[in-house]
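What follows is the content of coords-v4.cif (mmCIF, C-alpha atoms).
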```cif
data_upload
#
loop_
_atom_site.label_atom_id
_atom_site.label_comp_id
_atom_site.auth_asym_id
_atom_site.auth_seq_id
_atom_site.Cartn_x
_atom_site.Cartn_y
_atom_site.Cartn_z
CA MET V 23 -90.05 -57.97 2.94
CA GLU V 24 -88.40 -61.29 3.74
CA VAL V 25 -84.63 -61.32 3.14
CA ALA V 26 -82.60 -64.52 3.25
CA VAL V 27 -79.84 -65.00 5.82
CA TYR V 28 -76.84 -67.12 4.76
CA ASN V 29 -74.00 -68.85 6.54
CA LYS V 30 -70.35 -68.86 5.41
CA GLN V 31 -70.96 -71.91 3.22
CA GLY V 32 -73.61 -70.06 1.19
CA SER V 33 -76.59 -72.02 2.55
CA GLN V 34 -79.72 -70.23 3.70
CA VAL V 35 -80.18 -70.59 7.44
CA GLY V 36 -83.06 -68.18 8.06
CA THR V 37 -84.82 -64.99 7.03
CA LEU V 38 -84.95 -61.40 8.22
CA THR V 39 -88.17 -59.37 8.06
CA ILE V 40 -87.61 -55.75 6.99
CA ASP V 41 -90.40 -53.19 6.82
CA GLU V 42 -90.26 -51.44 3.43
CA ASN V 43 -92.13 -48.41 4.76
CA SER V 44 -89.37 -47.78 7.29
CA LEU V 45 -86.95 -47.51 4.35
CA GLY V 46 -89.12 -45.10 2.39
CA GLY V 47 -91.65 -47.44 0.81
CA THR V 48 -90.60 -46.62 -2.75
CA ILE V 49 -87.27 -45.63 -4.29
CA ASN V 50 -86.86 -41.85 -4.34
CA HIS V 51 -84.46 -41.29 -7.24
CA ALA V 52 -84.26 -37.51 -6.77
CA LEU V 53 -83.29 -37.86 -3.10
CA LEU V 54 -80.71 -40.53 -3.88
CA LYS V 55 -79.10 -38.38 -6.56
CA GLN V 56 -78.96 -35.33 -4.29
CA ALA V 57 -77.30 -37.32 -1.50
CA TYR V 58 -74.89 -39.00 -3.92
CA VAL V 59 -73.82 -35.69 -5.51
CA ARG V 60 -73.36 -34.12 -2.06
CA TYR V 61 -71.13 -36.91 -0.79
CA HIS V 62 -69.12 -36.95 -3.99
CA ALA V 63 -68.63 -33.17 -3.93
CA ASN V 64 -67.48 -33.25 -0.30
CA LEU V 65 -64.67 -35.62 -1.25
CA ARG V 66 -63.04 -32.96 -3.42
CA GLN V 67 -59.93 -31.36 -1.95
CA GLY V 68 -60.22 -28.15 -3.94
CA SER V 69 -56.44 -27.93 -4.34
CA SER V 70 -56.11 -28.01 -8.15
CA ARG V 71 -53.94 -25.16 -9.45
CA THR V 72 -52.78 -23.76 -12.78
CA LYS V 73 -49.67 -21.66 -13.38
CA SER V 74 -49.48 -18.11 -14.61
CA ARG V 75 -46.71 -16.82 -16.93
CA SER V 76 -44.54 -15.82 -13.99
CA GLN V 77 -44.65 -19.35 -12.53
CA ILE V 78 -43.49 -21.23 -15.65
CA GLU V 79 -39.92 -22.47 -15.39
CA GLY V 80 -37.50 -21.82 -18.24
CA SER V 81 -35.85 -18.96 -20.08
CA SER V 82 -37.68 -15.69 -20.64
CA ARG V 83 -35.49 -14.75 -23.60
CA LYS V 84 -37.27 -13.32 -26.63
CA ILE V 85 -37.73 -16.27 -29.00
CA TYR V 86 -36.95 -14.24 -32.14
CA LYS V 87 -36.39 -10.63 -33.08
CA GLN V 88 -39.20 -8.13 -33.15
CA LYS V 89 -39.18 -7.32 -36.88
CA GLY V 90 -38.21 -8.97 -40.11
CA THR V 91 -39.37 -12.56 -39.52
CA GLY V 92 -42.97 -12.18 -40.67
CA ASN V 93 -44.18 -13.80 -37.46
CA ALA V 94 -46.21 -12.32 -34.64
CA ARG V 95 -44.50 -10.01 -32.16
CA HIS V 96 -43.86 -12.59 -29.45
CA GLY V 97 -41.71 -12.30 -26.38
CA ASP V 98 -40.88 -15.45 -24.35
CA LYS V 99 -42.44 -18.85 -25.06
CA ASN V 100 -44.53 -18.92 -21.87
CA ALA V 101 -47.56 -17.40 -23.58
CA PRO V 102 -50.83 -19.38 -23.23
CA LEU V 103 -50.95 -20.32 -26.94
CA PHE V 104 -47.59 -22.13 -26.86
CA LYS V 105 -47.19 -25.77 -25.86
CA GLY V 106 -45.94 -25.94 -22.29
CA GLY V 107 -46.97 -22.36 -21.68
CA SER V 108 -49.10 -20.85 -18.94
CA HIS V 109 -52.85 -20.52 -18.49
CA ALA V 110 -54.56 -17.30 -19.48
CA HIS V 111 -56.78 -17.27 -16.36
CA SER V 112 -54.84 -19.24 -13.77
CA LYS V 113 -56.39 -20.40 -10.50
CA LYS V 114 -54.92 -18.31 -7.69
CA ARG V 115 -57.09 -19.24 -4.70
CA VAL V 116 -55.37 -21.17 -1.91
CA ARG V 117 -58.28 -23.53 -1.34
CA GLU V 118 -61.58 -23.86 -3.20
CA ASP V 119 -64.59 -25.11 -1.31
CA TYR V 120 -66.94 -27.43 -3.18
CA ARG V 121 -68.73 -28.62 -0.05
CA LEU V 122 -72.51 -29.08 -0.22
CA ASP V 123 -74.87 -29.28 2.72
CA MET V 124 -77.95 -31.38 3.33
CA PRO V 125 -80.25 -31.72 6.37
CA LYS V 126 -79.57 -34.66 8.65
CA LYS V 127 -83.07 -36.10 8.22
CA MET V 128 -82.73 -36.07 4.44
CA ARG V 129 -79.32 -37.76 4.66
CA ARG V 130 -80.75 -40.52 6.83
CA LYS V 131 -83.73 -41.00 4.52
CA ALA V 132 -81.37 -41.26 1.55
CA ASN V 133 -79.22 -43.85 3.32
CA ARG V 134 -82.23 -45.99 4.16
CA ASN V 135 -83.71 -45.56 0.69
CA ALA V 136 -80.41 -46.70 -0.83
CA LEU V 137 -80.65 -49.88 1.24
CA LEU V 138 -84.17 -50.39 -0.09
CA ALA V 139 -82.86 -50.07 -3.65
CA LYS V 140 -80.22 -52.73 -2.96
CA LEU V 141 -82.81 -55.04 -1.42
CA VAL V 142 -85.17 -54.65 -4.38
CA ASP V 143 -82.35 -55.58 -6.78
CA ASN V 144 -81.37 -58.59 -4.59
CA GLU V 145 -77.88 -57.17 -4.01
CA VAL V 146 -77.71 -57.57 -0.23
CA ARG V 147 -76.06 -60.63 1.34
CA ILE V 148 -76.86 -61.03 5.03
CA LEU V 149 -74.60 -63.38 6.99
CA ASP V 150 -75.31 -64.96 10.33
CA ASP V 151 -71.70 -64.24 11.37
CA VAL V 152 -68.81 -62.35 9.76
CA LEU V 153 -66.04 -63.41 12.13
CA LEU V 154 -63.15 -65.46 10.76
CA ALA V 155 -60.96 -67.83 12.75
CA SER V 156 -57.76 -66.61 11.05
CA PRO V 157 -56.84 -63.61 8.86
CA LYS V 158 -56.57 -65.61 5.63
CA THR V 159 -57.73 -64.07 2.38
CA LYS V 160 -58.40 -67.45 0.77
CA ASP V 161 -61.03 -68.19 3.42
CA LEU V 162 -62.82 -64.96 2.59
CA ILE V 163 -62.60 -65.69 -1.14
CA ALA V 164 -64.30 -69.03 -0.52
CA ILE V 165 -67.13 -67.24 1.32
CA LEU V 166 -67.57 -64.75 -1.53
CA GLU V 167 -67.72 -67.56 -4.07
CA ALA V 168 -70.31 -69.39 -1.97
CA LEU V 169 -72.42 -66.23 -1.84
CA LYS V 170 -72.05 -65.82 -5.64
CA ILE V 171 -70.44 -62.39 -5.40
CA GLU V 172 -68.49 -61.84 -8.60
CA LYS V 173 -68.35 -58.03 -8.68
CA THR V 174 -67.52 -55.18 -6.30
CA ALA V 175 -68.90 -55.41 -2.79
CA LEU V 176 -69.16 -53.21 0.28
CA PHE V 177 -68.32 -55.25 3.38
CA ALA V 178 -69.68 -53.88 6.66
CA VAL V 179 -67.30 -55.21 9.31
CA PRO V 180 -67.36 -54.17 12.99
CA ASP V 181 -64.22 -53.17 14.87
CA THR V 182 -64.16 -56.45 16.79
CA ALA V 183 -63.68 -58.54 13.61
CA ASP V 184 -59.95 -57.91 13.14
CA ASN V 185 -59.33 -61.16 11.24
CA THR V 186 -62.06 -60.35 8.73
CA ARG V 187 -60.67 -56.87 8.19
CA MET V 188 -57.15 -58.15 7.57
CA ALA V 189 -58.42 -60.81 5.18
CA ALA V 190 -60.59 -58.41 3.17
CA ARG V 191 -58.11 -55.56 2.76
CA ASN V 192 -56.07 -57.60 0.28
CA LEU V 193 -58.95 -57.82 -2.21
CA GLU V 194 -59.24 -55.04 -4.75
CA THR V 195 -62.99 -55.49 -5.32
CA ILE V 196 -63.89 -55.35 -1.62
CA SER V 197 -64.31 -52.08 0.29
CA LEU V 198 -64.54 -52.05 4.08
CA THR V 199 -66.76 -49.88 6.23
CA ARG V 200 -68.21 -49.92 9.72
CA PRO V 201 -71.88 -50.98 10.03
CA GLU V 202 -72.84 -47.70 11.71
CA GLN V 203 -71.24 -45.72 8.84
CA LEU V 204 -73.31 -47.13 5.97
CA ASN V 205 -74.22 -44.35 3.57
CA CYS V 206 -75.92 -43.83 0.24
CA PHE V 207 -72.74 -43.10 -1.72
CA GLU V 208 -70.86 -46.25 -0.72
CA MET V 209 -73.87 -48.55 -1.15
CA LEU V 210 -74.66 -47.27 -4.64
CA ASN V 211 -70.99 -47.29 -5.63
CA HIS V 212 -70.75 -51.07 -5.15
CA ARG V 213 -72.78 -53.89 -6.65
CA TYR V 214 -73.28 -55.88 -3.46
CA LEU V 215 -73.59 -55.18 0.26
CA ILE V 216 -72.39 -57.79 2.78
CA ILE V 217 -73.42 -57.37 6.40
CA SER V 218 -74.22 -59.54 9.38
CA LYS V 219 -77.77 -59.94 10.64
CA ALA V 220 -77.03 -58.41 14.04
CA ASP V 221 -75.29 -55.36 12.55
CA LEU V 222 -78.11 -54.75 10.07
CA GLU V 223 -80.76 -54.96 12.78
CA ALA V 224 -78.76 -52.53 14.92
CA TRP V 225 -78.46 -50.12 11.99
CA LEU V 226 -82.17 -50.32 11.19
CA THR V 227 -83.18 -49.53 14.78
CA GLY V 228 -80.29 -47.18 15.60
CA PRO V 229 -79.88 -43.41 15.09
CA SER V 230 -80.41 -43.79 11.32
CA SER V 231 -84.03 -44.79 12.00
CA GLN V 232 -84.85 -41.33 13.37
CA THR V 233 -85.93 -39.40 10.30
CA GLY V 234 -88.57 -37.24 11.98
CA LYS V 235 -88.89 -34.76 14.84
CA ASP V 236 -87.75 -37.35 17.36
CA ALA V 237 -84.21 -36.95 15.96
CA LYS V 238 -84.01 -33.64 17.85
CA ILE V 239 -86.32 -34.35 20.77
CA SER V 240 -84.83 -37.67 21.91
CA PRO V 241 -81.85 -38.58 19.68
CA LYS V 242 -80.45 -42.08 19.91
CA GLY V 243 -76.79 -42.81 20.45
CA VAL V 244 -76.11 -39.60 22.40
CA THR V 245 -73.61 -40.16 25.19
CA THR V 246 -73.48 -38.17 28.41
CA PRO V 247 -70.65 -35.64 28.64
CA ARG V 248 -67.55 -36.79 30.44
CA GLU V 249 -66.38 -35.23 33.68
CA VAL V 250 -63.79 -32.54 33.18
CA LYS V 251 -60.56 -33.22 35.06
CA VAL V 252 -58.94 -30.27 36.81
CA VAL V 253 -55.32 -29.91 35.74
CA LYS V 254 -52.88 -27.90 37.81
CA ALA V 255 -51.32 -24.97 36.04
CA PRO V 256 -47.57 -25.21 35.38
CA ARG V 257 -45.05 -22.99 37.11
CA GLY V 258 -44.86 -19.48 35.76
CA PHE V 259 -48.44 -19.54 34.50
CA LYS V 260 -50.18 -16.20 34.90
CA ALA V 261 -53.91 -16.51 35.37
CA THR V 262 -56.15 -14.16 33.43
CA LYS V 263 -58.85 -12.00 34.99
CA ALA V 264 -61.55 -14.46 33.92
CA THR V 265 -59.69 -17.37 35.54
CA LYS V 266 -59.21 -15.42 38.78
CA ALA V 267 -62.89 -14.45 38.83
CA ALA V 268 -63.94 -18.08 38.33
CA LYS V 269 -61.70 -19.21 41.19
CA THR V 270 -63.11 -16.50 43.45
CA ALA V 271 -66.70 -17.47 42.63
CA LYS V 272 -65.96 -21.16 43.22
CA ALA V 273 -64.34 -20.42 46.55
CA ALA V 274 -67.29 -18.30 47.62
CA THR V 275 -69.84 -21.03 46.82
CA SER V 276 -67.84 -23.84 48.41
CA ALA V 277 -66.96 -21.95 51.60
CA SER V 278 -68.79 -22.91 54.79
CA PRO V 279 -71.13 -20.33 56.38
CA ALA V 280 -69.39 -17.96 58.77
CA SER V 281 -69.73 -18.58 62.47
CA PRO V 282 -71.70 -15.99 64.46
CA VAL V 283 -69.64 -13.24 66.08
CA LYS V 284 -69.62 -13.30 69.88
CA LYS V 285 -70.43 -10.12 71.67
CA GLU V 286 -67.68 -8.74 73.88
CA ALA V 287 -68.34 -8.83 77.57
CA LYS V 288 -68.73 -5.43 79.15
#
```
Kindly present the structure from the file in structure tokens form.
Amino acid sequence: MEVAVYNKQGSQVGTLTIDENSLGGTINHALLKQAYVRYHANLRQGSSRTKSRSQIEGSSRKIYKQKGTGNARHGDKNAPLFKGGSHAHSKKRVREDYRLDMPKKMRRKANRNALLAKLVDNEVRILDDVLLASPKTKDLIAILEALKIEKTALFAVPDTADNTRMAARNLETISLTRPEQLNCFEMLNHRYLIISKADLEAWLTGPSSQTGKDAKISPKGVTTPREVKVVKAPRGFKATKATKAAKTAKAATSASPASPVKKEAK
């Protein structure tokens, strides 16, 4: 698939070849929906609450006498059938968990398949450069008009492009994300995707490209662990038995071999 590459003036300056098979070949609607629902469910806080009768503010006085009115035998007005009353089955849990899980390989396949869906619909705008000379929103608006973007767009901007970030955050129809954090939910939630050629190539060949067994055997983007710095314990710190045992073992391994004992002269 040949995708056009534009400059900031909206003129085509080249093309980018993308292998459709590396993005799934065909659009997998079931996989896209599963990934979209999972991401959307994981955004829920689970903190919605309803009040019981004891939590409703106001007087608990009996609204009218027990007999003689012809009405039902009501007490206070906090019953569930009254306006402003409580809920019959109130939510009492502190936090509800709506989180859904999905294997990493499936998530990556869904992200790449979502990009394929945007490419098929001609909703991807690839720029040769996304850096701006100054953080002016009007300059970014001119670029969007040149690219014929009239609806919502997801703008993949790296951390180094501070001026572009400051110019785009003032626009209501533009959402910002990092190129390495492109996902199915954000791409499908916006009409267009704007990304630079270098960032897209890095994303296509980066960790997101590992959708098979090689993701576990030789994962990309894994950094080596940092060296642990030894910090001296503060005054008054009492070491535990495990700490003392570790110090003793370290001292035993680092100690030099003992010198041979000389025999006493007779």
Selection dump of the PyMOL selection byres ((chain V and resi 214) around 8), as JSON, numbers by chain: {"V": [140, 145, 146, 147, 171, 173, 174, 175, 176, 209, 212, 213, 215, 216]}
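Near Leu137 (chain V), within 8 Å and counting all atoms listed in the file, sit Leu45, Asn133, Arg134, Lys140, Leu141, Cys206 and Met209 of chain V, not including residues fewer than 3 positions from it in the same chain.
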Residues selected by the PyMOL selection byres ((chain V and resi 85) around 8), written as a PyMOL selection string: chain V and resi 83-84+86-87+96-99
Residues within 9 Å of Leu38 (chain V), only C-alpha atoms, excluding chain neighbours under 6 positions, as JSON, numbers by chain: {"V": [23, 24, 25, 26, 27, 148, 219, 223]}
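CA of Ser197 (chain V) to CA of Gly36 (chain V) spans 25.9 Å [interatomic distance, one decimal].
When the distance limit is 10 Å and all atoms listed in the file are what count, the residues near region 73-82 of chain V, minus those fewer than 2 positions from it on the same chain, are Arg71, Lys84, Ile85, Gly97, Asp98, Lys99, Asn100, Ala101, Pro102, Gly106, Gly107, Ser108, His109, Ala110, His111, Ser112, Lys113 and Lys114 of chain V.
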Counting all atoms listed in the file, the residue of V:Ala220, V:Met124, V:Ala178, V:Ala164 that sits nearest Leu198 (chain V): V:Ala178
Spatial neighbours of Thr186 (chain V), max dist 8 Å, only C-alpha atoms, sep filter under 6 positions, as an MDAnalysis selection string: chainID V and resid 152:154 156:157 162 179
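Restricting the calculation to only C-alpha atoms, the smallest distance between Leu226 (chain V) and any of V:Thr199, V:Gln56, V:Asn64, V:Asn135 is found for V:Asn135.
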Around all listed atoms of region 203-218 of chain V, padded 6 Å per side, what centre and edge lengths does the axis-aligned box have in Å to one decimal, as JSON?
```
{"center_x": -73.3, "center_y": -51.3, "center_z": 1.4, "size_x": 17.2, "size_y": 28.4, "size_z": 28.0}
```
Answer key for the PyMOL selection byres ((chain V and resi 46) around 9), residues as a PyMOL selection string: chain V and resi 42-45+47-50+131-132+134-135+138
Atomic separation - CA of Arg187 (chain V) relative to CA of Lys30 (chain V), Å: 15.7 Å
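Atom pair CA of Gly32 (chain V) / CA of Lys158 (chain V): separated by 18.2 Å.
Closest approach to Lys235 (chain V) from the set V:Arg191, V:Lys160, V:Lys127, V:Arg200 is made by V:Lys127, with distances taken over only C-alpha atoms.
Distances to Leu65 (chain V) were evaluated for V:Pro241, V:Phe207, V:Thr233, V:Thr227 using all atoms listed in the file, and the minimum falls at V:Phe207.
In this comparison, which uses only C-alpha atoms, the residue of V:Ala183, V:Leu210, V:Ala94, V:Leu122 approaching His51 (chain V) most closely is V:Leu210.
Across V:Asp41, V:Asp150, V:Asp161, V:Glu172, the tightest approach to Thr195 (chain V) is made by V:Glu172 when counting all atoms listed in the file.
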Close residues, Gln67 (chain V) itself excluded, 10 Å, all atoms listed in the file, min 5 positions apart in chain, as a ChimeraX atom specification: /V:117-121
